[in-house]
Structure formats: C-alpha cells, structure tokens
>>> print(open('query02.txt').read())   # compact mmCIF, C-alpha atoms
# COMPACT_ATOMS: atom_id res chain seq x y z
CA MET X 1 82.25 128.61 151.39
CA SER X 2 84.02 127.12 148.39
CA ASN X 3 83.90 123.38 147.61
CA VAL X 4 87.66 123.00 147.42
CA ARG X 5 89.22 120.61 149.92
CA ASN X 6 91.40 122.43 152.48
CA LEU X 7 93.29 121.66 155.64
CA ILE X 8 92.49 124.36 158.20
CA ASN X 9 92.17 122.27 161.35
CA ILE X 10 93.42 118.73 161.87
CA THR X 11 89.81 117.59 162.39
CA ASP X 12 89.09 118.46 158.75
CA PHE X 13 90.59 115.06 158.02
CA THR X 14 89.18 111.77 159.24
CA VAL X 15 91.37 109.22 160.99
CA GLU X 16 91.24 107.14 157.80
CA GLU X 17 92.48 110.09 155.74
CA ILE X 18 95.31 110.72 158.20
CA ASN X 19 96.25 107.05 158.00
CA LYS X 20 96.23 107.39 154.22
CA LEU X 21 98.60 110.38 154.40
CA ILE X 22 100.95 108.39 156.63
CA GLU X 23 100.82 105.54 154.12
CA ILE X 24 101.64 107.90 151.23
CA ALA X 25 104.50 109.47 153.25
CA ASP X 26 105.99 106.04 153.89
CA ASP X 27 105.62 105.10 150.23
CA ILE X 28 107.44 108.32 149.24
CA VAL X 29 110.42 107.20 151.33
CA ALA X 30 110.27 103.62 150.05
CA HIS X 31 109.82 104.50 146.36
CA HIS X 32 111.20 107.98 145.96
CA GLU X 33 111.70 107.65 142.20
CA LYS X 34 107.94 107.26 141.66
CA TYR X 35 107.36 110.76 142.98
CA ASP X 36 110.26 112.74 141.47
CA GLU X 37 108.22 114.47 138.78
CA ILE X 38 104.69 113.75 139.89
CA CYS X 39 103.91 117.47 140.42
CA LYS X 40 105.62 118.75 137.28
CA HIS X 41 103.94 122.00 136.12
CA LYS X 42 102.13 122.38 139.44
CA LYS X 43 102.78 125.44 141.58
CA LEU X 44 102.64 125.91 145.33
CA ALA X 45 102.30 129.39 146.85
CA THR X 46 103.76 129.83 150.32
CA LEU X 47 102.03 132.89 151.76
CA PHE X 48 103.81 133.55 155.04
CA PHE X 49 102.51 136.67 156.73
CA GLU X 50 104.67 135.71 159.70
CA PRO X 51 108.29 134.46 159.67
CA SER X 52 109.04 130.75 159.72
CA THR X 53 112.01 128.57 158.88
CA ARG X 54 110.98 124.96 159.16
CA THR X 55 107.41 125.08 158.02
CA ARG X 56 108.01 127.26 154.97
CA LEU X 57 111.18 125.50 153.90
CA SER X 58 109.68 122.05 154.42
CA PHE X 59 106.69 123.00 152.25
CA GLU X 60 109.00 124.36 149.58
CA ALA X 61 111.33 121.35 149.78
CA ALA X 62 108.30 119.05 149.61
CA MET X 63 106.96 120.66 146.43
CA LEU X 64 110.40 120.81 144.79
CA GLU X 65 111.02 117.13 145.53
CA LEU X 66 107.74 116.33 143.84
CA GLY X 67 108.93 118.13 140.72
CA GLY X 68 106.71 121.19 141.20
CA SER X 69 107.51 124.89 141.54
CA VAL X 70 107.17 127.31 144.43
CA LEU X 71 106.43 131.03 144.72
CA GLY X 72 105.36 133.28 147.55
CA PHE X 73 106.50 135.64 150.26
CA SER X 74 108.03 135.12 153.68
CA SER X 75 106.77 138.12 155.64
CA ALA X 76 103.76 140.42 155.56
CA ASN X 77 106.08 143.35 154.82
CA SER X 78 106.97 141.89 151.46
CA SER X 79 103.32 141.45 150.41
CA SER X 80 100.39 143.74 149.76
CA ALA X 81 99.23 143.04 153.31
CA ALA X 82 101.63 145.87 154.21
CA LYS X 83 99.43 148.14 152.08
CA GLY X 84 96.35 146.99 153.95
CA GLU X 85 95.10 144.31 151.55
CA SER X 86 92.65 141.89 153.14
CA VAL X 87 93.32 138.16 153.43
CA SER X 88 90.36 137.45 151.13
CA ASP X 89 91.67 139.73 148.39
CA THR X 90 95.16 138.25 148.61
CA ILE X 91 93.78 134.72 148.35
CA MET X 92 91.43 135.50 145.44
CA THR X 93 94.39 136.99 143.58
CA VAL X 94 96.87 134.21 144.30
CA CYS X 95 94.33 131.51 143.38
CA ASN X 96 94.72 132.74 139.78
CA TYR X 97 98.41 131.89 139.76
CA VAL X 98 98.90 128.60 141.59
CA ASP X 99 97.46 125.12 142.17
CA ILE X 100 97.71 125.01 145.96
CA ILE X 101 98.41 127.46 148.80
CA ALA X 102 100.14 127.07 152.16
CA MET X 103 99.54 130.11 154.36
CA ARG X 104 100.72 131.23 157.75
CA HIS X 105 99.19 134.26 159.42
CA PRO X 106 99.72 135.78 162.87
CA LYS X 107 95.99 136.34 163.36
CA GLU X 108 93.85 133.46 164.55
CA GLY X 109 91.19 132.34 162.09
CA ALA X 110 92.82 133.98 159.04
CA PRO X 111 92.83 130.67 157.09
CA ILE X 112 89.11 130.29 157.77
CA VAL X 113 88.57 133.68 156.15
CA ALA X 114 90.76 132.57 153.26
CA SER X 115 88.83 129.32 152.84
CA LYS X 116 85.59 131.16 152.14
CA ARG X 117 86.80 132.55 148.82
CA ASN X 118 89.44 130.16 147.50
CA THR X 119 89.39 128.18 144.28
CA VAL X 120 92.50 126.08 145.00
CA PRO X 121 93.25 124.06 148.17
CA ILE X 122 94.49 126.02 151.18
CA ILE X 123 96.70 124.54 153.85
CA ASN X 124 96.85 126.29 157.19
CA ALA X 125 100.54 126.52 158.03
CA GLY X 126 99.76 128.11 161.40
CA ASP X 127 97.38 130.87 162.50
CA GLY X 128 98.60 132.69 165.60
CA GLY X 129 98.27 130.60 168.72
CA HIS X 130 95.34 128.69 167.24
CA PHE X 131 95.96 125.73 164.89
CA HIS X 132 98.96 124.22 163.15
CA PRO X 133 97.60 121.08 161.48
CA THR X 134 100.62 120.23 159.33
CA GLN X 135 102.80 120.19 162.43
CA THR X 136 100.26 117.78 163.89
CA LEU X 137 100.46 115.55 160.84
CA THR X 138 104.23 115.70 161.22
CA ASP X 139 103.92 114.71 164.88
CA LEU X 140 101.57 111.84 164.09
CA LEU X 141 103.89 110.50 161.40
CA THR X 142 106.84 110.76 163.82
CA ILE X 143 104.96 108.92 166.57
CA LYS X 144 103.77 106.26 164.13
CA ARG X 145 107.29 105.72 162.80
CA LYS X 146 108.85 105.60 166.28
CA LYS X 147 106.18 103.67 168.16
CA GLY X 148 104.51 101.74 165.36
CA ARG X 149 101.10 102.86 166.65
CA LEU X 150 99.02 105.93 167.46
CA ASP X 151 96.97 104.45 170.30
CA ASN X 152 97.58 103.11 173.82
CA MET X 153 100.09 105.59 175.17
CA THR X 154 100.69 108.36 177.69
CA VAL X 155 101.56 111.66 176.07
CA GLY X 156 103.21 114.40 178.12
CA LEU X 157 103.01 117.93 176.76
CA CYS X 158 105.34 120.39 178.43
CA GLY X 159 105.94 124.15 178.39
CA ASP X 160 103.69 126.76 176.85
CA LEU X 161 100.40 124.92 176.54
CA LYS X 162 98.36 128.11 176.39
CA PHE X 163 99.74 129.73 173.25
CA GLY X 164 101.38 126.60 171.81
CA ARG X 165 99.20 125.91 168.81
CA THR X 166 101.02 122.65 168.06
CA VAL X 167 99.86 121.37 171.43
CA HIS X 168 96.19 122.22 170.80
CA SER X 169 96.20 120.53 167.41
CA LEU X 170 98.05 117.44 168.63
CA ILE X 171 95.60 116.95 171.52
CA GLU X 172 92.64 117.27 169.13
CA ALA X 173 94.18 114.75 166.77
CA MET X 174 95.15 112.18 169.40
CA LEU X 175 91.75 112.38 171.08
CA ARG X 176 90.49 110.28 168.21
CA TYR X 177 92.73 107.31 168.97
CA PRO X 178 91.87 104.77 171.69
CA ASN X 179 93.42 104.71 175.13
CA ILE X 180 95.46 107.90 175.03
CA LYS X 181 96.27 109.64 178.31
CA PHE X 182 97.49 113.24 178.44
CA VAL X 183 99.74 114.73 181.11
CA LEU X 184 99.80 118.51 180.74
CA ILE X 185 102.94 119.98 182.26
CA SER X 186 103.04 123.78 182.49
CA PRO X 187 103.11 126.73 184.86
CA GLU X 188 99.64 127.84 185.89
CA GLU X 189 99.74 130.88 183.60
CA LEU X 190 100.42 128.74 180.53
CA GLN X 191 97.88 125.94 180.95
CA VAL X 192 95.87 124.73 177.95
CA PRO X 193 92.85 126.92 177.12
CA GLU X 194 89.40 125.99 178.38
CA TYR X 195 88.13 124.96 174.97
CA VAL X 196 90.81 122.28 174.71
CA LYS X 197 89.86 120.98 178.16
CA GLU X 198 86.20 120.96 177.08
CA LYS X 199 87.10 118.81 174.09
CA MET X 200 89.03 116.33 176.24
CA ASN X 201 86.14 116.14 178.66
CA GLU X 202 83.62 115.67 175.85
CA VAL X 203 85.55 112.67 174.58
CA GLY X 204 86.10 111.40 178.12
CA VAL X 205 89.84 110.96 177.71
CA GLU X 206 92.03 110.70 180.81
CA TRP X 207 94.10 113.84 181.47
CA ARG X 208 95.74 115.70 184.30
CA GLU X 209 97.68 118.90 184.85
CA THR X 210 100.91 119.23 186.76
CA GLU X 211 103.61 121.84 187.18
CA SER X 212 106.34 119.23 187.69
CA LEU X 213 108.13 117.64 184.75
CA GLU X 214 110.04 115.38 187.16
CA ASP X 215 106.82 113.92 188.60
CA ALA X 216 105.36 113.20 185.20
CA MET X 217 108.50 111.77 183.59
CA PRO X 218 108.37 108.05 184.62
CA GLU X 219 104.93 107.41 183.12
CA LEU X 220 105.46 109.05 179.72
CA ASP X 221 105.71 107.26 176.36
CA ILE X 222 105.94 110.56 174.49
CA LEU X 223 107.38 113.81 175.84
CA TYR X 224 106.42 116.76 173.68
CA MET X 225 108.45 119.83 174.65
CA THR X 226 107.49 123.34 173.53
CA ARG X 227 109.15 126.71 173.56
CA ILE X 228 107.86 129.60 175.63
CA GLN X 229 107.16 131.94 172.72
CA ARG X 230 108.17 135.56 173.17
CA GLU X 231 105.97 136.68 170.26
CA ARG X 232 102.78 135.48 171.99
CA PHE X 233 103.26 137.75 175.01
CA PHE X 234 102.04 141.31 175.23
CA ASN X 235 104.16 141.83 178.29
CA GLU X 236 107.96 141.28 178.33
CA GLU X 237 107.98 140.86 182.11
CA ASP X 238 105.68 137.82 181.93
CA TYR X 239 107.84 136.30 179.21
CA VAL X 240 111.07 136.71 181.18
CA ARG X 241 109.47 135.25 184.31
CA LEU X 242 108.22 132.11 182.56
CA LYS X 243 110.73 131.39 179.81
CA ASP X 244 113.01 129.11 181.80
CA SER X 245 110.22 127.18 183.52
CA TYR X 246 111.18 123.82 182.04
CA ILE X 247 114.57 122.80 180.77
CA LEU X 248 115.02 119.17 179.80
CA ASN X 249 118.47 117.71 180.49
CA LEU X 250 119.98 114.26 180.91
CA GLU X 251 119.51 114.34 184.67
CA LYS X 252 115.76 114.80 184.34
CA LEU X 253 115.69 111.93 181.85
CA GLU X 254 117.13 109.46 184.36
CA THR X 255 113.67 108.39 185.50
CA ALA X 256 112.23 108.25 181.98
CA LYS X 257 111.29 105.08 180.11
CA LYS X 258 114.00 103.57 177.93
CA ASP X 259 111.80 103.87 174.86
CA LEU X 260 110.55 107.40 175.54
CA THR X 261 110.14 109.50 172.39
CA ILE X 262 111.23 113.12 172.94
CA MET X 263 109.66 115.51 170.48
CA HIS X 264 109.74 119.27 169.90
CA PRO X 265 108.17 121.23 167.04
CA LEU X 266 111.34 123.42 166.93
CA PRO X 267 112.79 125.98 167.03
CA ARG X 268 114.04 125.40 170.55
CA VAL X 269 115.72 128.07 172.60
CA ASN X 270 117.03 126.43 175.76
CA GLU X 271 114.16 124.17 176.83
CA ILE X 272 116.09 121.09 175.69
CA SER X 273 119.77 121.07 176.60
CA VAL X 274 122.05 120.30 173.68
CA GLU X 275 123.41 117.32 175.67
CA VAL X 276 120.06 115.58 175.09
CA ASP X 277 120.52 115.67 171.30
CA ASP X 278 122.74 112.59 171.31
CA ASP X 279 120.36 110.55 173.46
CA PRO X 280 118.67 107.91 171.27
CA ARG X 281 115.32 109.02 172.66
CA ALA X 282 115.69 112.51 171.12
CA CYS X 283 113.59 112.59 167.94
CA TYR X 284 113.09 116.27 167.15
CA PHE X 285 115.37 116.46 164.13
CA PHE X 286 113.89 113.23 162.79
CA GLN X 287 110.54 114.94 163.35
CA ALA X 288 111.65 117.80 161.07
CA LEU X 289 112.40 115.24 158.35
CA CYS X 290 108.98 113.66 158.85
CA GLY X 291 107.56 117.15 158.30
CA LYS X 292 108.81 117.19 154.74
CA HIS X 293 107.49 113.70 153.99
CA ILE X 294 104.01 114.35 155.35
CA ARG X 295 103.77 117.69 153.51
CA MET X 296 104.67 115.90 150.28
CA ALA X 297 101.87 113.43 150.99
CA LEU X 298 99.46 116.26 151.84
CA ILE X 299 100.17 118.17 148.63
CA LEU X 300 99.57 115.01 146.58
CA PHE X 301 96.38 114.26 148.47
CA LEU X 302 94.87 117.76 148.23
CA LEU X 303 95.77 118.05 144.55
CA GLY X 304 94.00 114.73 144.00
CA ILE X 305 97.13 113.21 142.44
CA VAL X 306 97.26 110.35 144.94
CA LYS X 307 93.94 109.25 146.38
CA MET L 1 49.70 154.53 182.42
CA ASN L 2 47.78 153.78 179.23
CA ILE L 3 49.39 152.76 175.98
CA ASP L 4 47.17 151.83 173.06
CA GLY L 5 46.99 148.20 172.00
CA VAL L 6 48.57 147.14 168.77
CA ARG L 7 46.17 146.57 165.86
CA ASN L 8 48.64 145.21 163.33
CA GLY L 9 52.12 144.77 164.64
CA ILE L 10 54.42 143.06 167.10
CA VAL L 11 54.54 142.95 170.87
CA LEU L 12 57.80 141.82 172.45
CA ASP L 13 56.76 140.57 175.84
CA HIS L 14 58.53 139.21 178.92
CA ILE L 15 61.70 141.19 178.31
CA ARG L 16 63.85 141.14 181.40
CA ALA L 17 63.32 144.47 183.21
CA GLY L 18 65.92 146.99 182.08
CA LYS L 19 66.84 145.18 178.85
CA SER L 20 64.39 146.89 176.48
CA MET L 21 66.71 149.74 175.51
CA GLU L 22 69.47 147.29 174.58
CA ILE L 23 67.02 145.34 172.42
CA TYR L 24 65.68 148.55 170.89
CA GLU L 25 69.19 149.47 169.81
CA MET L 26 70.34 146.02 168.70
CA LEU L 27 67.25 145.50 166.55
CA GLY L 28 67.67 148.97 165.02
CA LEU L 29 64.13 149.97 166.00
CA ASP L 30 65.21 153.61 166.04
CA LYS L 31 65.35 153.41 162.24
CA LEU L 32 61.64 152.53 161.90
CA SER L 33 59.20 155.23 160.90
CA ASN L 34 56.24 153.59 162.69
CA THR L 35 55.16 154.03 166.23
CA VAL L 36 57.33 152.10 168.69
CA ALA L 37 56.46 152.08 172.39
CA MET L 38 58.86 150.89 175.05
CA ILE L 39 57.41 150.07 178.44
CA GLN L 40 59.81 149.58 181.30
CA ASN L 41 59.16 147.92 184.65
CA ALA L 42 55.65 146.71 183.87
CA SER L 43 54.31 144.33 186.48
CA SER L 44 54.60 140.62 185.64
CA GLU L 45 53.11 137.65 187.46
CA LYS L 46 55.95 135.46 186.27
CA TYR L 47 58.97 137.71 186.75
CA GLY L 48 57.75 140.50 189.09
CA LYS L 49 58.82 143.18 186.63
CA LYS L 50 59.30 143.11 182.89
CA ASP L 51 59.81 145.36 179.89
CA ILE L 52 57.59 145.36 176.79
CA ILE L 53 58.15 146.77 173.31
CA LYS L 54 55.23 147.41 170.98
CA ILE L 55 55.76 148.02 167.28
CA ASP L 56 52.89 149.31 165.22
CA GLU L 57 53.68 147.21 162.13
CA VAL L 58 54.76 143.66 161.37
CA VAL L 59 58.43 144.09 160.57
CA ASP L 60 61.23 141.58 160.08
CA LEU L 61 63.05 141.08 163.36
CA ASP L 62 66.34 139.36 163.95
CA TYR L 63 65.22 136.55 166.25
CA ASP L 64 68.87 135.58 166.85
CA VAL L 65 69.44 138.96 168.47
CA LEU L 66 66.34 138.54 170.62
CA GLY L 67 67.25 135.00 171.66
CA TYR L 68 70.78 136.10 172.45
CA VAL L 69 69.82 139.13 174.57
CA ASP L 70 67.04 137.35 176.45
CA SER L 71 65.84 133.86 175.59
CA ASN L 72 62.71 134.31 177.77
CA ILE L 73 61.19 136.86 175.42
CA THR L 74 57.97 136.03 173.62
CA VAL L 75 57.16 137.62 170.29
CA ASN L 76 53.45 138.18 169.68
CA ILE L 77 52.37 138.88 166.12
CA VAL L 78 49.07 140.79 166.15
CA LYS L 79 46.74 141.05 163.17
CA ASP L 80 43.42 142.93 163.26
CA SER L 81 43.85 143.30 167.01
CA LYS L 82 44.03 139.52 167.44
CA LEU L 83 47.00 137.40 168.44
CA GLU L 84 47.97 135.59 165.27
CA LYS L 85 51.17 133.93 166.38
CA LYS L 86 53.22 133.58 169.55
CA ILE L 87 56.91 132.77 169.19
CA HIS L 88 59.11 131.74 172.11
CA MET L 89 62.74 132.70 171.81
CA ALA L 90 65.67 130.36 172.43
CA LEU L 91 69.43 130.73 172.43
CA PRO L 92 70.41 130.71 168.75
CA GLU L 93 72.85 128.05 167.56
CA LYS L 94 74.76 130.70 165.64
CA LEU L 95 75.24 134.43 166.15
CA VAL L 96 75.97 136.40 163.01
CA ASN L 97 77.07 140.00 163.46
CA VAL L 98 75.39 140.19 166.85
CA VAL L 99 78.53 140.46 168.98
CA LYS L 100 82.16 141.13 168.14
CA CYS L 101 85.08 138.93 169.11
CA LYS L 102 87.18 140.54 171.84
CA ASN L 103 90.31 138.44 171.23
CA PRO L 104 92.99 140.88 170.00
CA ARG L 105 94.68 137.98 168.20
CA CYS L 106 91.56 137.16 166.16
CA ILE L 107 91.56 138.01 162.45
CA THR L 108 88.27 139.89 163.02
CA SER L 109 90.18 142.41 165.15
CA VAL L 110 92.09 143.71 162.12
CA GLU L 111 89.84 143.11 159.12
CA GLN L 112 86.72 145.20 159.38
CA GLU L 113 84.67 143.57 156.61
CA ILE L 114 84.58 140.08 158.12
CA VAL L 115 81.22 138.77 159.33
CA HIS L 116 81.43 138.13 163.07
CA GLU L 117 80.21 134.60 163.76
CA PHE L 118 79.85 132.68 167.00
CA ARG L 119 78.58 129.13 167.56
CA LEU L 120 76.78 127.91 170.67
CA VAL L 121 78.94 125.30 172.44
CA ASP L 122 77.28 125.06 175.86
CA LYS L 123 73.57 125.79 176.14
CA GLU L 124 73.43 125.35 179.92
CA ARG L 125 76.26 127.76 180.64
CA LYS L 126 75.34 129.99 177.68
CA ILE L 127 78.80 129.82 176.13
CA TYR L 128 79.55 130.74 172.53
CA ARG L 129 82.83 130.46 170.67
CA CYS L 130 84.16 132.61 167.86
CA CYS L 131 84.01 130.65 164.60
CA TYR L 132 87.43 132.02 163.64
CA CYS L 133 89.61 131.87 166.75
CA ASP L 134 87.51 129.82 169.23
CA ALA L 135 87.61 132.63 171.81
CA GLU L 136 84.90 132.24 174.42
CA HIS L 137 81.92 134.55 174.76
CA ARG L 138 79.60 134.10 177.72
CA ILE L 139 76.17 135.63 178.00
CA LYS L 140 75.82 137.38 181.32
>>> encode(input="query02.txt", output="structure tokens")
Amino acid sequence: MSNVRNLINITDFTVEEINKLIEIADDIVAHHEKYDEICKHKKLATLFFEPSTRTRLSFEAAMLELGGSVLGFSSANSSSAAKGESVSDTIMTVCNYVDIIAMRHPKEGAPIVASKRNTVPIINAGDGGHFHPTQTLTDLLTIKRKKGRLDNMTVGLCGDLKFGRTVHSLIEAMLRYPNIKFVLISPEELQVPEYVKEKMNEVGVEWRETESLEDAMPELDILYMTRIQRERFFNEEDYVRLKDSYILNLEKLETAKKDLTIMHPLPRVNEISVEVDDDPRACYFFQALCGKHIRMALILFLLGIVK
Amino acid sequence: MNIDGVRNGIVLDHIRAGKSMEIYEMLGLDKLSNTVAMIQNASSEKYGKKDIIKIDEVVDLDYDVLGYVDSNITVNIVKDSKLEKKIHMALPEKLVNVVKCKNPRCITSVEQEIVHEFRLVDKERKIYRCCYCDAEHRIK
C-alpha cells in the first residue's frame, strides 16, 4: 500500500477533515479570486471506465476553476482497459503524467486495487454499487448549507437502497454525527445491504425500514431520493417491475415539513416529478453546484495546497 | 488399523470428520514428497469421530487455511517422537487467497492477478467480508 493520501471510502476522512473540506468549499465561494490560479501547472486525470455526466464534469470544472488542467477518458472503450489492461497497470502509467486522479469503475473495489500501487492521490469517483465518497461530501455540504448543521435530524432515503452507492456512503458518513435517525424507504427487493445494517447497529443509531413514502414523509428533515438504476440489474424484468416504485410529486409533499430538504444525486428519470422542481424545498440542482465546490476543496486538500 | 507414529513431523488432530480431504487439498499436501497419512473417522472422545492427518516432516503450513476450514483443529509438532508444541487454531482475522469472492460485480471477478482478501467481521456468526467489495462470506 502506498503512503499517498487517497479518498476511497468516506470513512478515510475524519469528521474534522470533512468539516475542514466544508470550510474550504465555503471559502472558495466567498473568496473566489484567491483560488483562480492556485492549481496552475497541476494536472487532474479523470479515468472514467464507466459513463458519467455530473461527476466527471464537476471534477473537470473544479480543476479548471482552480487554474489546473485536465486529461483522461470517459469510457473503458476509449482506454487500454478495452485491450485487457489491468487497473493497476493503468494507474501506474497515469501516475507518471498527472498530480491527482479521479477514477470511476463499474467493478466494486477497483479503487482499492488502484490505491495499492499509486504515487499520486486517487479519488474514488464511484465503484459499481459500492462507494461514492465525493457524492457523499457533496451531500454533506448541501445539508450543511441548507440546514446549518449535520446533526440532530431525521434522514429519509428512498428508492434503490440496495445498489444505490450514494445511499451507502451517506449513511456511513452521517453515522458519525450525533442524533441522526434514518428512515429507509424501499421495496423489499431493494433494501440496504446487510453490511450497512450491521454498521448502523454497531453504532446504535435509530433506523427503520418502510415501503411507504407517504407514511415516512411527515417526520423527515431530509428526503434523499434515488433512481432505480437499470445498469445494476442483471434481469430486465426485475428492473421494469420496480422502476416506478416511488415517484415524488407535490401531492405527496403535502404532509412534509415546511423546511424539508429534498435531495437527489441525479440523474433522475421520473422519480421526482418536474412539478417539484419549483418547490423551494427542492435542492437537487443546488446539490450539483455544491458538488463542484466540494471537489475543488478536495483537490486542494489532497494535493496539500490548502491544509 | 495401524499407522506408524510420527518421529519428526506434524499431526493435525481433531479435524471434523470428513474434512481431511478438503484440508489436504487446500494446504497443497499432495505436492509434498514425504509420507502423508490421512485417517478418516477415527474415534474421538470429544467429538465422537474425527479425521487426522500425519505429515512425516515439519513443513510450513498455512494456519489461516486451517483456522478457516476448522477452528477446532490442533496442530501437534513432533520432534524425536516427542510432542514439542501444540497449537490451537482459531478463525483468522484475515483470509488471503484462501477463498474467492463470489460477487460478480467485484473487481476480483475480472482481474485474475488480484490477491483475494477477506476480513473477519463477526466471529460468533463466522462472517467474513471481501476487502474490495464488502460482499459477505459465511463459513458453513
């Protein structure tokens, strides 16, 4: 294992370090001019073995706004992975060219393999249905900016909680803050995996599962919607049966708190009706903006430019 | 049935009856050039029946494999026909290249050179998790 600092799982960072990232992100917004050229001559590689819009573009936008440069690929087909090159070999090669790497891979644990041979920091930009720590940082920054705190709240997570990696990472992260309660809203087939339940039980946090979004709605401070992801299913029939399980609309929001924060990692398909977009409680596009700010902060932190 | 005692070697005792062949294969004992005796269904006061493996030389054994397959096994190191050391097995904290991850979404399912690693997460229920994808592996 190399000694370089990476972000593979959200728990690689302490609560203090996450707070520091949030602080840097807020400072970037407040004093943008300070950061315009702070990464001049630094290069970020975005190695995306699986397609992505938001994550890749937000990483690239983040580095460009810091004055750095970006190179990389956006699908496995346009890299040597298509020729059968291993993750380790790709990483050892790319480490010669850049200062920091953001990688997404469809196979779970690929960034852990990468982190055994790297000489520059690696950021896990999503590995299959496993972890997505920069989305979690994005979510934490969004919650902090909207609620002013990261503790004392009821968080509802709705949709695909089995394959939804953003959900697993967010639960792990929020377990570390006091007085958080989770309400897990999903069909039986898409409940959170056992290992996530084990972690919640280990910490002793309050949580419950329900199949009804309507029942859960009145008690929620945060509603985190997720997409039923076609690419995580081996069987098209299962996907078709479950994809419309939960659709959030204004009618369902009637019983919600006035200061509810509605989040979604995006892209959405139809799980949030477009009519909800104009509701002041809808925060998912603001969340996408937070994603750029926190990735800027993360790049600065891992490069050791801001400590 | 008589099988000679070991003068200098190893006796794997208290193997759960029927498990000795699995251990023989997992430890790669077929590759040894010394005498190896496998005794199945020997009578045992403690377990009723047990298997025993005797190896006619002190060789390096992977204790993680032994602890994983059967944590009740005792390893007796014999020197000059005397018991020099008795080692009790336990469930290893980490399994390295002992079992393979069965999750088709795990990176280990597509890259053959990766070391398969599992960490023990629940001793009571004998549950391991893949160090790459967190997939569960239970010992039956």
>>> residues_around(input="query02.txt", residues="range 85-89 of chain L", least_positions_apart="3", cutoff="8 Å", atoms="all atoms listed in the file", output="ChimeraX atom specification")
/L:63,66-67,70-78
>>> write_last_selection(input="query02.txt", atoms="C-alpha atoms", output="PDB file, in the frame of the given file")
ATOM      1  CA  TYR L  63      65.220 136.550 166.250  1.00  0.00           C
ATOM      2  CA  LEU L  66      66.340 138.540 170.620  1.00  0.00           C
ATOM      3  CA  GLY L  67      67.250 135.000 171.660  1.00  0.00           C
ATOM      4  CA  ASP L  70      67.040 137.350 176.450  1.00  0.00           C
ATOM      5  CA  SER L  71      65.840 133.860 175.590  1.00  0.00           C
ATOM      6  CA  ASN L  72      62.710 134.310 177.770  1.00  0.00           C
ATOM      7  CA  ILE L  73      61.190 136.860 175.420  1.00  0.00           C
ATOM      8  CA  THR L  74      57.970 136.030 173.620  1.00  0.00           C
ATOM      9  CA  VAL L  75      57.160 137.620 170.290  1.00  0.00           C
ATOM     10  CA  ASN L  76      53.450 138.180 169.680  1.00  0.00           C
ATOM     11  CA  ILE L  77      52.370 138.880 166.120  1.00  0.00           C
ATOM     12  CA  VAL L  78      49.070 140.790 166.150  1.00  0.00           C
TER      13      VAL L  78
END
>>> closest_atom_pairs(input="query02.txt", of="chain L", to="chain X", cutoff="7 Å", atoms="only C-alpha atoms", output="tab-separated table")
residue	atom	partner	partner_atom	distance
L:Arg105	CA	X:Lys107	CA	5.3
L:Cys106	CA	X:Glu108	CA	4.6
L:Ile107	CA	X:Lys107	CA	4.8
L:Glu111	CA	X:Ser86	CA	6.7
L:Tyr132	CA	X:Gly109	CA	4.1
L:Cys133	CA	X:Gly109	CA	4.9
>>> residues_around(input="query02.txt", residues="Asp62 in chain L", least_positions_apart="6", cutoff="10 Å", atoms="all atoms listed in the file", output="MDAnalysis selection string")
chainID L and resid 26:28 98
>>> write_last_selection(input="query02.txt", atoms="C-alpha atoms", output="PDB file, keeping the file's coordinate frame")
ATOM      1  CA  MET L  26      70.340 146.020 168.700  1.00  0.00           C
ATOM      2  CA  LEU L  27      67.250 145.500 166.550  1.00  0.00           C
ATOM      3  CA  GLY L  28      67.670 148.970 165.020  1.00  0.00           C
ATOM      4  CA  VAL L  98      75.390 140.190 166.850  1.00  0.00           C
TER       5      VAL L  98
END
>>> closest_residue(input="query02.txt", among="X:Leu260, X:Lys116, X:Val155, X:Asn6", to="Ile101 in chain X", atoms="all atoms listed in the file")
X:Asn6
>>> residues_around(input="query02.txt", residues="Ile100 in chain X", least_positions_apart="6", cutoff="10 Å", atoms="all atoms listed in the file", output="list in words")
Asn6, Lys42, Lys43, Leu44, Ala45, Thr46, Val70, Val94, Asn118, Thr119, Val120, Pro121, Ile122, Ile123, Ile299, Leu302 and Leu303 of chain X
>>> atom_distance(input="query02.txt", atom1="CA of Asp244 in chain X", atom2="CA of Ser74 in chain X")
29.2 Å
>>> atom_distance(input="query02.txt", atom1="CA of His32 in chain X", atom2="CA of Met296 in chain X")
11.1 Å
>>> closest_residue(input="query02.txt", among="X:Ala61, X:Ile38, X:Ile247, X:Leu47", to="Phe73 in chain X", atoms="only C-alpha atoms")
X:Leu47
>>> atom_distance(input="query02.txt", atom1="CA of Lys140 in chain L", atom2="CA of Ile55 in chain L")
26.7 Å
>>> residues_around(input="query02.txt", residues="Asp51 in chain L", least_positions_apart="4", cutoff="10 Å", atoms="all atoms listed in the file", output="number ranges by chain")
L: 12-21, 38-44, 73
>>> residues_near_point(input="query02.txt", point="(107.3, 136.6, 181.9)", cutoff="12 Å", atoms="all atoms listed in the file", output="VMD selection string")
chain X and resid 160 187 189 to 190 228 to 245
>>> residues_around(input="query02.txt", residues="Leu150 in chain X", least_positions_apart="4", cutoff="8 Å", atoms="only C-alpha atoms", output="short mmCIF file (atom, residue, chain, number, x, y, z; two decimals) with C-alpha atoms, in the frame of the given file")
data_model
loop_
_atom_site.label_atom_id
_atom_site.label_comp_id
_atom_site.auth_asym_id
_atom_site.auth_seq_id
_atom_site.Cartn_x
_atom_site.Cartn_y
_atom_site.Cartn_z
CA LEU X 140 101.57 111.84 164.09
CA ILE X 143 104.96 108.92 166.57
CA LYS X 144 103.77 106.26 164.13
CA MET X 174 95.15 112.18 169.40
CA TYR X 177 92.73 107.31 168.97
#
>>> closest_residue(input="query02.txt", among="L:Arg138, L:Lys82, L:Arg125, L:Arg119", to="Val6 in chain L", atoms="all atoms listed in the file")
L:Lys82
>>> closest_residue(input="query02.txt", among="X:Ile262, X:Leu161, X:Met103, X:Val203", to="Thr55 in chain X", atoms="only C-alpha atoms")
X:Met103
>>> closest_residue(input="query02.txt", among="X:Met153, X:Leu66, X:Cys39, X:Leu266", to="Leu289 in chain X", atoms="only C-alpha atoms")
X:Leu266
>>> closest_residue(input="query02.txt", among="X:Ala288, X:Val98, X:Leu71, X:Ile8", to="Ser169 in chain X", atoms="only C-alpha atoms")
X:Ile8
>>> decode(input="query02.txt", residues="range 78-86 of chain L", atoms="N, CA and C atoms", output="compact mmCIF listing (two decimals), in the first residue's frame")
# COMPACT_ATOMS: atom_id res chain seq x y z
N VAL L 78 5.91 -32.60 16.27
CA VAL L 78 6.59 -33.72 16.94
C VAL L 78 8.06 -33.71 16.56
N LYS L 79 8.91 -33.80 17.58
CA LYS L 79 10.35 -33.86 17.34
C LYS L 79 10.92 -35.03 18.14
N ASP L 80 11.69 -35.87 17.51
CA ASP L 80 12.27 -37.08 18.15
C ASP L 80 11.18 -37.86 18.88
N SER L 81 10.08 -38.01 18.24
CA SER L 81 8.93 -38.78 18.74
C SER L 81 8.26 -38.15 19.96
N LYS L 82 8.65 -36.92 20.28
CA LYS L 82 8.02 -36.24 21.44
C LYS L 82 7.25 -35.01 20.97
N LEU L 83 6.17 -34.74 21.68
CA LEU L 83 5.36 -33.56 21.34
C LEU L 83 6.12 -32.31 21.74
N GLU L 84 6.52 -31.52 20.76
CA GLU L 84 7.30 -30.33 21.06
C GLU L 84 6.39 -29.11 21.26
N LYS L 85 5.33 -29.07 20.48
CA LYS L 85 4.48 -27.88 20.53
C LYS L 85 3.06 -28.25 20.12
N LYS L 86 2.09 -27.70 20.80
CA LYS L 86 0.68 -27.92 20.43
C LYS L 86 0.06 -26.55 20.12
